[in-house]
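Engineer: What follows is the file work31.txt, containing compact mmCIF, C-alpha atoms:
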# COMPACT_ATOMS: atom_id res chain seq x y z
CA GLN A 23 0.00 0.00 0.00
CA VAL A 24 1.31 3.41 -0.96
CA GLN A 25 1.16 6.20 1.57
CA LEU A 26 1.97 9.84 0.93
CA VAL A 27 2.64 12.33 3.71
CA GLU A 28 2.95 16.03 2.96
CA SER A 29 4.63 18.55 5.24
CA GLY A 30 6.04 22.06 5.17
CA GLY A 31 2.91 24.15 4.90
CA GLY A 32 2.27 27.21 7.02
CA LEU A 33 1.49 30.90 7.12
CA VAL A 34 3.70 33.23 5.11
CA GLN A 35 3.50 36.82 3.94
CA ALA A 36 3.08 37.66 0.29
CA GLY A 37 6.42 37.51 -1.46
CA GLY A 38 7.72 34.87 0.89
CA SER A 39 8.77 31.28 0.32
CA LEU A 40 7.92 27.81 1.55
CA ARG A 41 9.16 24.34 0.70
CA LEU A 42 6.72 21.49 0.77
CA SER A 43 7.76 17.86 1.06
CA CYS A 44 5.90 14.70 0.22
CA ALA A 45 7.33 11.48 1.61
CA ALA A 46 6.18 8.26 -0.02
CA SER A 47 6.15 4.75 1.33
CA GLY A 48 6.18 1.71 -0.90
CA SER A 49 8.37 0.70 -3.79
CA ILE A 50 6.73 2.58 -6.64
CA PHE A 51 8.13 6.02 -5.98
CA SER A 52 11.26 6.01 -8.13
CA SER A 53 9.47 4.59 -11.19
CA ARG A 54 6.43 6.87 -11.23
CA ALA A 55 5.65 10.47 -11.98
CA MET A 56 4.75 12.55 -8.94
CA GLY A 57 2.40 15.50 -8.95
CA TRP A 58 1.45 18.41 -6.74
CA TYR A 59 -2.11 19.71 -6.68
CA ARG A 60 -3.91 22.33 -4.63
CA GLN A 61 -7.43 23.14 -3.57
CA ALA A 62 -8.56 26.55 -2.42
CA PRO A 63 -11.78 26.97 -0.41
CA GLY A 64 -14.83 26.70 -2.62
CA LEU A 65 -12.81 25.74 -5.69
CA GLN A 66 -11.96 22.50 -7.45
CA ARG A 67 -8.64 20.83 -6.91
CA GLU A 68 -6.17 21.97 -9.55
CA TRP A 69 -2.91 20.62 -10.88
CA VAL A 70 0.23 22.56 -9.96
CA ALA A 71 3.27 20.62 -11.18
CA THR A 72 4.50 17.19 -12.22
CA ILE A 73 7.90 15.54 -12.29
CA THR A 74 8.33 12.26 -14.14
CA ALA A 75 10.56 9.39 -13.10
CA SER A 76 13.17 10.60 -15.60
CA GLY A 77 12.98 14.16 -14.32
CA ASN A 78 10.82 15.85 -16.93
CA ILE A 79 8.90 18.71 -15.36
CA ASN A 80 5.77 20.64 -16.15
CA TYR A 81 4.05 23.51 -14.35
CA ALA A 82 0.69 25.17 -14.40
CA ASP A 83 0.93 28.62 -15.94
CA SER A 84 -0.15 30.19 -12.67
CA VAL A 85 3.00 29.01 -10.87
CA LYS A 86 5.55 28.91 -13.68
CA GLY A 87 8.67 30.84 -12.77
CA ARG A 88 7.78 30.90 -9.06
CA PHE A 89 7.53 27.23 -8.05
CA ALA A 90 10.06 24.44 -8.53
CA ILE A 91 9.36 20.74 -8.22
CA SER A 92 12.12 18.25 -7.54
CA ARG A 93 12.53 14.72 -6.27
CA ASN A 94 15.01 12.66 -4.29
CA ASN A 95 14.51 9.02 -5.16
CA ALA A 96 16.90 7.88 -2.44
CA LYS A 97 14.61 9.50 0.12
CA ASN A 98 11.33 8.67 -1.67
CA THR A 99 10.48 12.33 -1.42
CA VAL A 100 9.19 14.96 -3.82
CA TYR A 101 9.49 18.66 -3.05
CA LEU A 102 7.76 21.84 -4.09
CA GLN A 103 9.80 25.00 -3.57
CA MET A 104 7.43 27.94 -3.66
CA SER A 105 8.73 31.48 -4.01
CA SER A 106 7.18 34.90 -4.59
CA LEU A 107 4.02 33.60 -2.99
CA LYS A 108 0.76 35.40 -3.58
CA PRO A 109 -2.48 35.40 -1.57
CA GLU A 110 -4.09 33.45 -4.42
CA ASP A 111 -1.65 30.60 -3.74
CA THR A 112 -3.51 29.98 -0.48
CA ALA A 113 -4.80 26.41 -0.58
CA VAL A 114 -4.37 22.91 0.74
CA TYR A 115 -1.54 21.32 -1.23
CA TYR A 116 -1.60 17.61 -2.04
CA CYS A 117 0.80 15.22 -3.68
CA ARG A 118 -0.39 12.42 -5.92
CA VAL A 119 0.99 9.30 -7.56
CA VAL A 120 -0.62 6.81 -9.91
CA ASP A 121 0.61 3.23 -9.98
CA VAL A 122 0.94 0.90 -12.96
CA ASN A 123 -2.65 -0.31 -12.46
CA TRP A 124 -3.95 3.27 -12.59
CA ASN A 125 -4.70 3.35 -8.88
CA GLU A 126 -4.17 6.86 -7.63
CA TYR A 127 -2.93 7.80 -4.19
CA TRP A 128 -3.18 11.14 -2.42
CA GLY A 129 -1.64 12.52 0.70
CA GLN A 130 -3.66 14.15 3.45
CA GLY A 131 -2.65 17.64 2.33
CA THR A 132 -0.79 20.53 3.92
CA GLN A 133 -2.25 24.00 4.36
CA VAL A 134 -0.50 26.98 2.81
CA THR A 135 -1.80 30.41 3.73
CA VAL A 136 -0.37 33.54 2.17
CA SER A 137 -1.28 36.82 3.83
CA SER A 138 -1.37 40.10 1.94
Would you mind writing the structure in this file as structure tokens?

Structural biologist:
Amino acid sequence: QVQLVESGGGLVQAGGSLRLSCAASGSIFSSRAMGWYRQAPGLQREWVATITASGNINYADSVKGRFAISRNNAKNTVYLQMSSLKPEDTAVYYCRVVDVNWNEYWGQGTQVTVSS
């Protein structure tokens, strides 16, 4: 069973930075793409960034140039470095992985609040 645990969220002023971590259990981590998503109050969950097993990266336009996703396969951990944060980045941030059978796994989420 795959488990994902996010950490690193908190309260930060606009323009500040945070680094989120997502630690994965199980053996699938190094062979699968990992994604970060977020959900603001009253809105649908939206995709933020993805990093493939080979290191290819994609970002949503709303975070491009401000966020950086990375992974450490030795630690089974994916990171999201967030800089130049804006109040509209306020959301619960989740990491996600899909296994070879198309089962998807989500973490419990970590709250990021950006004050103006």

Engineer: I'd like the neighbourhood of Thr99 (chain A) as a VMD selection string, where a residue qualifies if any of its atoms comes within 7 Å (using all atoms listed in the file), though same-chain residues fewer than 5 positions away should be ignored.

Structural biologist: chain A and resid 43 to 46 93 to 94

Engineer: I need the residue nearest Gln23 (chain A) from this list: A:Tyr127, A:Tyr115, A:Tyr81, A:Trp58. Use all atoms listed in the file for the distance.

Structural biologist: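 Under the stated criterion, the closest residue is A:Tyr127.
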
Engineer: Measure the distance from CA of Gly31 (chain A) to CA of Arg118 (chain A) in Å and round it to one decimal.

Structural biologist: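 CA of Arg118 (chain A) lies at a distance of 16.3 Å from CA of Gly31 (chain A).
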
Engineer: Return the single residue from A:Ile79, A:Val114, A:Met104, A:Val136 that is closest to Leu42 (chain A), with distances computed using all atoms listed in the file.

Structural biologist: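 Of A:Ile79, A:Val114, A:Met104, A:Val136, the one nearest Leu42 (chain A) is A:Met104, counting all atoms listed in the file.
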
Engineer: Could you work out how far CA of Gln66 (chain A) lies from CA of Glu28 (chain A), giving the answer in Å with one decimal?

Structural biologist: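 Between CA of Glu28 (chain A) and CA of Gln66 (chain A) the gap is 19.3 Å.
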
Engineer: From the options A:Arg54, A:Arg41, A:Lys86, A:Arg60, which residue's atoms come nearest to Gln103 (chain A), counting all atoms listed in the file?

Structural biologist: A:Arg41

Engineer: Looking at all atoms listed in the file, which of A:Leu107, A:Val122, A:Met56, A:Gly48 is the one that sits closest to Ile91 (chain A)?

Structural biologist: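 Selected residue with least distance to Ile91 (chain A): A:Met56.
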
Engineer: Compare A:Gly38, A:Thr74, A:Ser106, A:Ile50 by their minimum atom-to-atom distance to Arg88 (chain A), counting all atoms listed in the file, and give me the closest one.

Structural biologist: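 Between A:Gly38, A:Thr74, A:Ser106, A:Ile50, the residue approaching Arg88 (chain A) most closely is A:Ser106.
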
Engineer: May I have the residues at most 12 Å from (8.3, 4.2, -13.0) in the file's coordinates, counting all atoms listed in the file, as a list of chain:residue names?

Structural biologist: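 Residues with an atom at most 12 Å from (8.3, 4.2, -13.0): A:Ser49, A:Ile50, A:Phe51, A:Ser52, A:Ser53, A:Arg54, A:Ala55, A:Met56, A:Ile73, A:Thr74, A:Ala75, A:Ser76, A:Gly77, A:Asn95, A:Val119, A:Val120, A:Asp121, A:Val122, A:Asn123.
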